[in-house]
$ cat model-v9.cif   # mmCIF, C-alpha atoms
data_model
#
loop_
_atom_site.group_PDB
_atom_site.id
_atom_site.type_symbol
_atom_site.label_atom_id
_atom_site.label_comp_id
_atom_site.auth_asym_id
_atom_site.auth_seq_id
_atom_site.Cartn_x
_atom_site.Cartn_y
_atom_site.Cartn_z
ATOM 1 C CA MET A 754 -15.141 -29.315 6.615
ATOM 2 C CA ALA A 755 -18.616 -27.846 7.096
ATOM 3 C CA HIS A 756 -16.965 -24.681 8.433
ATOM 4 C CA ASN A 757 -14.810 -24.438 5.289
ATOM 5 C CA ILE A 758 -17.838 -24.873 3.041
ATOM 6 C CA THR A 759 -19.677 -22.160 4.952
ATOM 7 C CA ALA A 760 -16.689 -19.824 4.721
ATOM 8 C CA ASP A 761 -16.310 -20.487 1.005
ATOM 9 C CA ALA A 762 -19.986 -19.833 0.450
ATOM 10 C CA ALA A 763 -19.799 -16.563 2.386
ATOM 11 C CA HIS A 764 -16.754 -15.515 0.395
ATOM 12 C CA ALA A 765 -18.478 -16.378 -2.876
ATOM 13 C CA HIS A 766 -21.547 -14.409 -1.783
ATOM 14 C CA GLU A 767 -19.359 -11.405 -0.918
ATOM 15 C CA GLU A 768 -17.650 -11.529 -4.323
ATOM 16 C CA HIS A 769 -21.060 -11.824 -5.990
ATOM 17 C CA HIS A 770 -22.226 -8.809 -4.002
ATOM 18 C CA GLU A 771 -19.228 -6.632 -4.801
ATOM 19 C CA SER A 772 -18.664 -7.404 -8.494
ATOM 20 C CA PRO A 773 -21.918 -5.751 -9.671
ATOM 21 C CA VAL A 774 -20.760 -2.524 -7.972
ATOM 22 C CA VAL A 775 -17.574 -2.366 -10.001
ATOM 23 C CA PHE A 776 -19.434 -3.495 -13.126
ATOM 24 C CA GLY A 777 -22.024 -0.774 -12.560
ATOM 25 C CA PHE A 778 -19.259 1.782 -12.206
ATOM 26 C CA TRP A 779 -17.809 0.647 -15.531
ATOM 27 C CA LEU A 780 -21.235 1.378 -17.042
ATOM 28 C CA TYR A 781 -21.129 4.851 -15.507
ATOM 29 C CA LEU A 782 -17.709 5.432 -17.059
ATOM 30 C CA MET A 783 -19.165 4.445 -20.441
ATOM 31 C CA THR A 784 -21.753 7.214 -20.099
ATOM 32 C CA ASP A 785 -18.964 9.627 -19.191
ATOM 33 C CA CYS A 786 -17.160 8.558 -22.354
ATOM 34 C CA ILE A 787 -20.246 9.544 -24.334
ATOM 35 C CA ILE A 788 -20.364 12.938 -22.600
ATOM 36 C CA PHE A 789 -16.708 13.711 -23.262
ATOM 37 C CA GLY A 790 -16.911 12.274 -26.773
ATOM 38 C CA THR A 791 -19.756 14.694 -27.511
ATOM 39 C CA LEU A 792 -17.801 17.630 -26.089
ATOM 40 C CA PHE A 793 -14.744 16.691 -28.155
ATOM 41 C CA ALA A 794 -16.937 16.493 -31.275
ATOM 42 C CA VAL A 795 -18.391 19.947 -30.560
ATOM 43 C CA PHE A 796 -14.908 21.366 -30.075
ATOM 44 C CA ALA A 797 -13.778 19.799 -33.366
ATOM 45 C CA VAL A 798 -16.603 21.583 -35.174
ATOM 46 C CA LEU A 799 -16.059 24.954 -33.469
ATOM 47 C CA ARG A 800 -12.269 25.007 -33.152
ATOM 48 C CA THR A 801 -11.907 27.423 -36.097
ATOM 49 C CA GLN A 802 -14.848 29.678 -35.199
ATOM 50 C CA PHE A 803 -12.935 32.598 -33.713
ATOM 51 C CA ASN A 804 -15.419 35.420 -34.477
ATOM 52 C CA GLY A 805 -12.542 37.875 -34.763
ATOM 53 C CA GLY A 806 -11.156 36.725 -31.414
ATOM 54 C CA PRO A 807 -7.887 34.984 -30.581
ATOM 55 C CA ASN A 808 -6.993 31.485 -31.674
ATOM 56 C CA GLY A 809 -5.400 28.768 -29.564
ATOM 57 C CA HIS A 810 -1.871 29.823 -30.435
ATOM 58 C CA GLU A 811 -2.555 33.262 -28.957
ATOM 59 C CA VAL A 812 -4.211 32.220 -25.684
ATOM 60 C CA PHE A 813 -2.710 28.864 -24.700
ATOM 61 C CA GLU A 814 0.562 28.594 -22.776
ATOM 62 C CA LEU A 815 1.872 25.084 -23.330
ATOM 63 C CA SER A 816 4.481 25.336 -20.587
ATOM 64 C CA GLY A 817 1.826 25.755 -17.904
ATOM 65 C CA VAL A 818 -0.436 23.126 -19.447
ATOM 66 C CA GLY A 819 2.539 20.748 -19.592
ATOM 67 C CA ILE A 820 3.043 21.172 -15.848
ATOM 68 C CA GLU A 821 -0.671 20.522 -15.266
ATOM 69 C CA THR A 822 -0.402 17.353 -17.335
ATOM 70 C CA ALA A 823 2.649 16.129 -15.433
ATOM 71 C CA ILE A 824 0.938 16.771 -12.095
ATOM 72 C CA LEU A 825 -2.190 14.849 -13.048
ATOM 73 C CA LEU A 826 -0.266 11.931 -14.533
ATOM 74 C CA PHE A 827 1.927 11.701 -11.434
ATOM 75 C CA SER A 828 -1.189 11.725 -9.245
ATOM 76 C CA SER A 829 -2.321 8.600 -11.085
ATOM 77 C CA ILE A 830 0.943 6.903 -10.095
ATOM 78 C CA THR A 831 0.609 7.917 -6.450
ATOM 79 C CA TYR A 832 -2.967 6.616 -6.373
ATOM 80 C CA GLY A 833 -1.671 3.336 -7.776
ATOM 81 C CA PHE A 834 0.791 3.124 -4.888
ATOM 82 C CA GLY A 835 -2.126 3.762 -2.543
ATOM 83 C CA MET A 836 -4.071 0.846 -4.045
ATOM 84 C CA ILE A 837 -1.060 -1.452 -3.636
ATOM 85 C CA ALA A 838 -0.888 -0.460 0.033
ATOM 86 C CA ALA A 839 -4.652 -0.957 0.416
ATOM 87 C CA HIS A 840 -4.521 -4.505 -0.936
ATOM 88 C CA ALA A 841 -1.659 -5.196 1.490
ATOM 89 C CA ASN A 842 -3.857 -3.762 4.282
ATOM 90 C CA LYS A 843 -1.257 -1.074 5.033
ATOM 91 C CA ILE A 844 -3.806 1.566 5.899
ATOM 92 C CA SER A 845 -1.413 4.270 7.072
ATOM 93 C CA THR A 846 0.663 3.963 3.915
ATOM 94 C CA MET A 847 -2.470 3.966 1.793
ATOM 95 C CA ARG A 848 -3.699 7.148 3.461
ATOM 96 C CA VAL A 849 -0.364 8.864 2.894
ATOM 97 C CA TRP A 850 -0.469 8.071 -0.829
ATOM 98 C CA LEU A 851 -4.098 9.185 -1.082
ATOM 99 C CA GLY A 852 -3.142 12.402 0.696
ATOM 100 C CA VAL A 853 -0.348 13.011 -1.810
ATOM 101 C CA THR A 854 -2.770 12.293 -4.654
ATOM 102 C CA PHE A 855 -5.267 14.729 -3.152
ATOM 103 C CA LEU A 856 -2.658 17.504 -2.959
ATOM 104 C CA LEU A 857 -1.575 16.882 -6.547
ATOM 105 C CA GLY A 858 -5.202 17.047 -7.650
ATOM 106 C CA LEU A 859 -5.607 20.346 -5.816
ATOM 107 C CA GLY A 860 -2.480 21.653 -7.537
ATOM 108 C CA PHE A 861 -3.911 20.689 -10.922
ATOM 109 C CA LEU A 862 -7.203 22.453 -10.171
ATOM 110 C CA PHE A 863 -5.392 25.552 -8.918
ATOM 111 C CA MET A 864 -3.428 25.839 -12.163
ATOM 112 C CA GLU A 865 -6.556 25.267 -14.270
ATOM 113 C CA ILE A 866 -8.519 27.934 -12.381
ATOM 114 C CA ARG A 867 -5.574 30.319 -12.719
ATOM 115 C CA GLU A 868 -5.506 29.692 -16.480
ATOM 116 C CA PHE A 869 -9.244 30.371 -16.762
ATOM 117 C CA SER A 870 -8.974 33.527 -14.636
ATOM 118 C CA HIS A 871 -6.087 34.842 -16.738
ATOM 119 C CA MET A 872 -7.949 34.241 -19.998
ATOM 120 C CA ILE A 873 -11.149 35.873 -18.730
ATOM 121 C CA ALA A 874 -9.213 38.867 -17.348
ATOM 122 C CA GLU A 875 -7.792 39.427 -20.827
ATOM 123 C CA GLY A 876 -11.263 39.398 -22.362
ATOM 124 C CA ASN A 877 -11.011 35.846 -23.679
ATOM 125 C CA GLY A 878 -13.890 34.307 -21.760
ATOM 126 C CA PRO A 879 -16.387 31.734 -23.017
ATOM 127 C CA ASP A 880 -18.606 34.491 -24.472
ATOM 128 C CA ARG A 881 -15.826 35.761 -26.780
ATOM 129 C CA SER A 882 -16.230 33.153 -29.526
ATOM 130 C CA ALA A 883 -17.603 29.709 -30.296
ATOM 131 C CA PHE A 884 -14.041 28.368 -30.114
ATOM 132 C CA LEU A 885 -13.583 29.639 -26.568
ATOM 133 C CA SER A 886 -17.093 28.527 -25.544
ATOM 134 C CA SER A 887 -16.350 24.951 -26.587
ATOM 135 C CA PHE A 888 -12.928 25.125 -24.930
ATOM 136 C CA PHE A 889 -14.254 26.315 -21.568
ATOM 137 C CA THR A 890 -17.074 23.760 -21.663
ATOM 138 C CA LEU A 891 -14.804 20.796 -22.400
ATOM 139 C CA VAL A 892 -11.954 21.685 -20.052
ATOM 140 C CA GLY A 893 -14.347 22.951 -17.377
ATOM 141 C CA THR A 894 -16.290 19.673 -17.451
ATOM 142 C CA HIS A 895 -13.058 17.779 -16.896
ATOM 143 C CA GLY A 896 -12.189 20.117 -14.037
ATOM 144 C CA LEU A 897 -15.601 19.510 -12.483
ATOM 145 C CA HIS A 898 -14.950 15.759 -12.623
ATOM 146 C CA VAL A 899 -11.569 16.256 -10.929
ATOM 147 C CA THR A 900 -13.307 18.281 -8.202
ATOM 148 C CA CYS A 901 -15.804 15.440 -7.658
ATOM 149 C CA GLY A 902 -12.907 12.973 -7.510
ATOM 150 C CA LEU A 903 -11.182 15.048 -4.837
ATOM 151 C CA LEU A 904 -14.371 15.238 -2.756
ATOM 152 C CA TRP A 905 -14.749 11.476 -3.087
ATOM 153 C CA MET A 906 -11.117 11.023 -2.045
ATOM 154 C CA ALA A 907 -11.611 13.249 1.007
ATOM 155 C CA VAL A 908 -14.623 11.159 2.048
ATOM 156 C CA LEU A 909 -12.610 7.931 1.762
ATOM 157 C CA LEU A 910 -9.763 9.448 3.785
ATOM 158 C CA PHE A 911 -12.297 10.338 6.475
ATOM 159 C CA GLN A 912 -13.892 6.881 6.397
ATOM 160 C CA THR A 913 -10.544 5.088 6.744
ATOM 161 C CA ALA A 914 -9.317 7.258 9.626
ATOM 162 C CA GLY A 915 -8.581 5.078 12.655
ATOM 163 C CA LYS A 916 -9.283 1.833 10.774
ATOM 164 C CA THR A 917 -7.082 -1.173 11.443
ATOM 165 C CA GLU A 918 -8.372 -3.252 8.555
ATOM 166 C CA LEU A 919 -9.973 -2.623 5.170
ATOM 167 C CA ASN A 920 -12.980 -4.766 4.332
ATOM 168 C CA GLU A 921 -13.992 -5.761 0.818
ATOM 169 C CA ARG A 922 -16.560 -3.007 0.598
ATOM 170 C CA MET A 923 -13.952 -0.329 1.294
ATOM 171 C CA ILE A 924 -11.572 -1.930 -1.210
ATOM 172 C CA GLY A 925 -14.420 -1.761 -3.721
ATOM 173 C CA LYS A 926 -14.873 1.955 -3.064
ATOM 174 C CA LEU A 927 -11.150 2.578 -3.496
ATOM 175 C CA THR A 928 -11.172 0.524 -6.703
ATOM 176 C CA CYS A 929 -14.062 2.519 -8.187
ATOM 177 C CA LEU A 930 -12.284 5.786 -7.375
ATOM 178 C CA SER A 931 -9.127 4.355 -8.934
ATOM 179 C CA LEU A 932 -11.012 3.646 -12.168
ATOM 180 C CA PHE A 933 -12.478 7.160 -12.099
ATOM 181 C CA TRP A 934 -9.137 8.855 -11.458
ATOM 182 C CA HIS A 935 -7.305 6.945 -14.193
ATOM 183 C CA PHE A 936 -10.190 7.664 -16.563
ATOM 184 C CA LEU A 937 -9.734 11.397 -15.932
ATOM 185 C CA ASP A 938 -6.036 11.021 -16.747
ATOM 186 C CA ILE A 939 -6.882 9.426 -20.088
ATOM 187 C CA VAL A 940 -9.393 12.170 -20.871
ATOM 188 C CA TRP A 941 -6.832 14.841 -19.983
ATOM 189 C CA ILE A 942 -4.240 13.306 -22.311
ATOM 190 C CA CYS A 943 -6.838 13.630 -25.087
ATOM 191 C CA VAL A 944 -7.525 17.241 -24.034
ATOM 192 C CA PHE A 945 -3.825 18.087 -23.983
ATOM 193 C CA THR A 946 -3.251 16.543 -27.413
ATOM 194 C CA PHE A 947 -6.436 17.446 -29.254
ATOM 195 C CA VAL A 948 -7.273 20.812 -27.662
ATOM 196 C CA TYR A 949 -3.963 22.374 -26.701
ATOM 197 C CA LEU A 950 -1.292 20.883 -28.984
ATOM 198 C CA MET A 951 -3.400 20.824 -32.160
ATOM 199 C CA SER A 952 -4.595 24.388 -31.511
ATOM 200 C CA VAL A 953 -1.056 25.707 -31.073
ATOM 201 C CA VAL A 954 0.850 23.754 -33.715
#

$ encode --input "model-v9.cif" --output "structure tokens"
Amino acid sequence: MAHNITADAAHAHEEHHESPVVFGFWLYLMTDCIIFGTLFAVFAVLRTQFNGGPNGHEVFELSGVGIETAILLFSSITYGFGMIAAHANKISTMRVWLGVTFLLGLGFLFMEIREFSHMIAEGNGPDRSAFLSSFFTLVGTHGLHVTCGLLWMAVLLFQTAGKTELNERMIGKLTCLSLFWHFLDIVWICVFTFVYLMSVV
């Protein structure tokens, strides 16, 4: 009985130790919401300031952006499968799903960089107009977050290599990355709708 009480106390202490980490990460996400909210507000103000340059209908290709969107949304699903495997302590399966998510994230970044390069090559860089400056800033900030997420994912893949069991701390790390990755999906849906669709329609 004493052993059970000790075990329960240790488990309660571990939960108490881990929950502030996830709570703190939620607070971080709130600050990210403020950052992206500000960038969306700036874009809303400058979205018609073309300075004689092209508008969204002339520079955006919705077919390519649609593929980017599908890739990122699907990567959220694959990460979810990875979390299911992690909670079941199926480390190999979890690593496979994280690897798939990583490759999808790389594909998304590749297409975004290609879009930026194409626009700049045609003379439609961020210095062309206030509209394009706000566009590159908003979408580029999201891309930077995706890059950070991929680096984080690579670190977790390295840390779980050769592991036979996932402890609560590692599950906490995977959970925080899960929150971050899904958050980026939500932000991208807003970008796709507010920036691309509303600029083309």

$ closest_residue --input "model-v9.cif" --among "A:Leu904, A:Leu909, A:Gly790, A:Trp934" --to "Arg922 in chain A" --atoms "all atoms listed in the file"
A:Leu909

$ resolve_selection --input "model-v9.cif" --expression "the PyMOL selection byres ((chain A and resi 839-847) around 8)" --output "PyMOL selection string"
chain A and resi 834-838+848-851+913+916-919+924

$ atom_distance --input "model-v9.cif" --atom1 "CA of Val953 in chain A" --atom2 "CA of Ile939 in chain A"
20.5 Å

$ atom_distance --input "model-v9.cif" --atom1 "CA of Val795 in chain A" --atom2 "CA of Ser887 in chain A"
6.7 Å

$ resolve_selection --input "model-v9.cif" --expression "the PyMOL selection byres ((chain A and resi 807) around 10)" --output "PyMOL selection string"
chain A and resi 802-806+808-813+876-877+881-882+884-885

$ atom_distance --input "model-v9.cif" --atom1 "CA of Ser829 in chain A" --atom2 "CA of His935 in chain A"
6.1 Å

$ residues_near_point --input "model-v9.cif" --point "(-14.7, 16.7, -26.6)" --cutoff "9 Å" --atoms "only C-alpha atoms" --output "list in words"
Ile788, Phe789, Gly790, Thr791, Leu792, Phe793, Ala794, Val795, Phe796, Ala797, Ser887, Phe888, Thr890, Leu891, Val892, Cys943, Val944, Phe947 and Val948 of chain A

$ residues_around --input "model-v9.cif" --residues "Gly858 in chain A" --least-positions-apart "2" --cutoff "7 Å" --atoms "only C-alpha atoms" --output "ChimeraX atom specification"
/A:825,828,854-856,860-862,903

$ residues_near_point --input "model-v9.cif" --point "(-11.7, 7.5, -10.0)" --cutoff "10 Å" --atoms "only C-alpha atoms" --output "VMD selection string"
chain A and resid 778 782 829 832 898 to 899 901 to 903 905 to 906 926 to 938

$ build_atoms --input "model-v9.cif" --residues "range 776-811 of chain A" --atoms "N, CA and C atoms" --output "compact mmCIF listing (two decimals), in the coordinates of the input"
# COMPACT_ATOMS: atom_id res chain seq x y z
N PHE A 776 -18.87 -3.42 -11.78
CA PHE A 776 -19.43 -3.50 -13.13
C PHE A 776 -20.34 -2.30 -13.40
N GLY A 777 -21.16 -1.94 -12.41
CA GLY A 777 -22.02 -0.77 -12.56
C GLY A 777 -21.23 0.51 -12.74
N PHE A 778 -20.09 0.59 -12.06
CA PHE A 778 -19.26 1.78 -12.21
C PHE A 778 -18.63 1.85 -13.59
N TRP A 779 -18.29 0.68 -14.15
CA TRP A 779 -17.81 0.65 -15.53
C TRP A 779 -18.88 1.20 -16.47
N LEU A 780 -20.14 0.85 -16.22
CA LEU A 780 -21.24 1.38 -17.04
C LEU A 780 -21.32 2.90 -16.92
N TYR A 781 -21.14 3.40 -15.69
CA TYR A 781 -21.13 4.85 -15.51
C TYR A 781 -20.01 5.50 -16.32
N LEU A 782 -18.83 4.89 -16.30
CA LEU A 782 -17.71 5.43 -17.06
C LEU A 782 -18.01 5.44 -18.56
N MET A 783 -18.78 4.45 -19.03
CA MET A 783 -19.16 4.44 -20.44
C MET A 783 -20.03 5.65 -20.77
N THR A 784 -20.93 6.03 -19.85
CA THR A 784 -21.75 7.21 -20.10
C THR A 784 -20.90 8.48 -20.07
N ASP A 785 -19.88 8.50 -19.21
CA ASP A 785 -18.96 9.63 -19.19
C ASP A 785 -18.18 9.71 -20.50
N CYS A 786 -17.84 8.57 -21.05
CA CYS A 786 -17.16 8.56 -22.35
C CYS A 786 -18.03 9.21 -23.42
N ILE A 787 -19.33 8.94 -23.37
CA ILE A 787 -20.25 9.54 -24.33
C ILE A 787 -20.29 11.06 -24.15
N ILE A 788 -20.33 11.50 -22.88
CA ILE A 788 -20.36 12.94 -22.60
C ILE A 788 -19.12 13.62 -23.14
N PHE A 789 -17.95 13.09 -22.80
CA PHE A 789 -16.71 13.71 -23.26
C PHE A 789 -16.54 13.57 -24.77
N GLY A 790 -16.98 12.43 -25.32
CA GLY A 790 -16.91 12.27 -26.77
C GLY A 790 -17.73 13.33 -27.48
N THR A 791 -18.91 13.65 -26.94
CA THR A 791 -19.76 14.69 -27.51
C THR A 791 -19.08 16.05 -27.42
N LEU A 792 -18.48 16.34 -26.27
CA LEU A 792 -17.80 17.63 -26.09
C LEU A 792 -16.59 17.76 -27.01
N PHE A 793 -15.87 16.67 -27.21
CA PHE A 793 -14.74 16.69 -28.16
C PHE A 793 -15.24 16.93 -29.58
N ALA A 794 -16.37 16.31 -29.93
CA ALA A 794 -16.94 16.49 -31.28
C ALA A 794 -17.37 17.94 -31.49
N VAL A 795 -17.98 18.55 -30.47
CA VAL A 795 -18.39 19.95 -30.56
C VAL A 795 -17.17 20.85 -30.73
N PHE A 796 -16.12 20.57 -29.95
CA PHE A 796 -14.91 21.37 -30.08
C PHE A 796 -14.30 21.23 -31.47
N ALA A 797 -14.33 20.02 -32.03
CA ALA A 797 -13.78 19.80 -33.37
C ALA A 797 -14.50 20.64 -34.41
N VAL A 798 -15.81 20.80 -34.23
CA VAL A 798 -16.60 21.58 -35.17
C VAL A 798 -16.34 23.08 -35.00
N LEU A 799 -16.16 23.52 -33.76
CA LEU A 799 -16.06 24.95 -33.47
C LEU A 799 -14.63 25.46 -33.29
N ARG A 800 -13.65 24.61 -33.46
CA ARG A 800 -12.27 25.01 -33.15
C ARG A 800 -11.72 26.09 -34.07
N THR A 801 -12.37 26.35 -35.19
CA THR A 801 -11.91 27.42 -36.10
C THR A 801 -12.87 28.60 -36.12
N GLN A 802 -13.86 28.59 -35.24
CA GLN A 802 -14.85 29.68 -35.20
C GLN A 802 -14.41 30.73 -34.17
N PHE A 803 -13.55 31.64 -34.63
CA PHE A 803 -12.94 32.60 -33.71
C PHE A 803 -13.73 33.90 -33.57
N ASN A 804 -14.59 34.21 -34.52
CA ASN A 804 -15.42 35.42 -34.48
C ASN A 804 -14.58 36.68 -34.26
N GLY A 805 -13.43 36.73 -34.92
CA GLY A 805 -12.54 37.88 -34.76
C GLY A 805 -11.73 37.86 -33.49
N GLY A 806 -11.90 36.83 -32.67
CA GLY A 806 -11.16 36.72 -31.41
C GLY A 806 -9.86 35.95 -31.59
N PRO A 807 -9.17 35.69 -30.50
CA PRO A 807 -7.89 34.98 -30.58
C PRO A 807 -8.05 33.50 -30.88
N ASN A 808 -7.01 32.94 -31.46
CA ASN A 808 -6.99 31.48 -31.67
C ASN A 808 -6.21 30.81 -30.54
N GLY A 809 -6.08 29.50 -30.63
CA GLY A 809 -5.40 28.77 -29.56
C GLY A 809 -3.95 29.16 -29.39
N HIS A 810 -3.29 29.46 -30.51
CA HIS A 810 -1.87 29.82 -30.44
C HIS A 810 -1.67 31.10 -29.63
N GLU A 811 -2.67 31.97 -29.63
CA GLU A 811 -2.56 33.26 -28.96
C GLU A 811 -2.94 33.20 -27.48
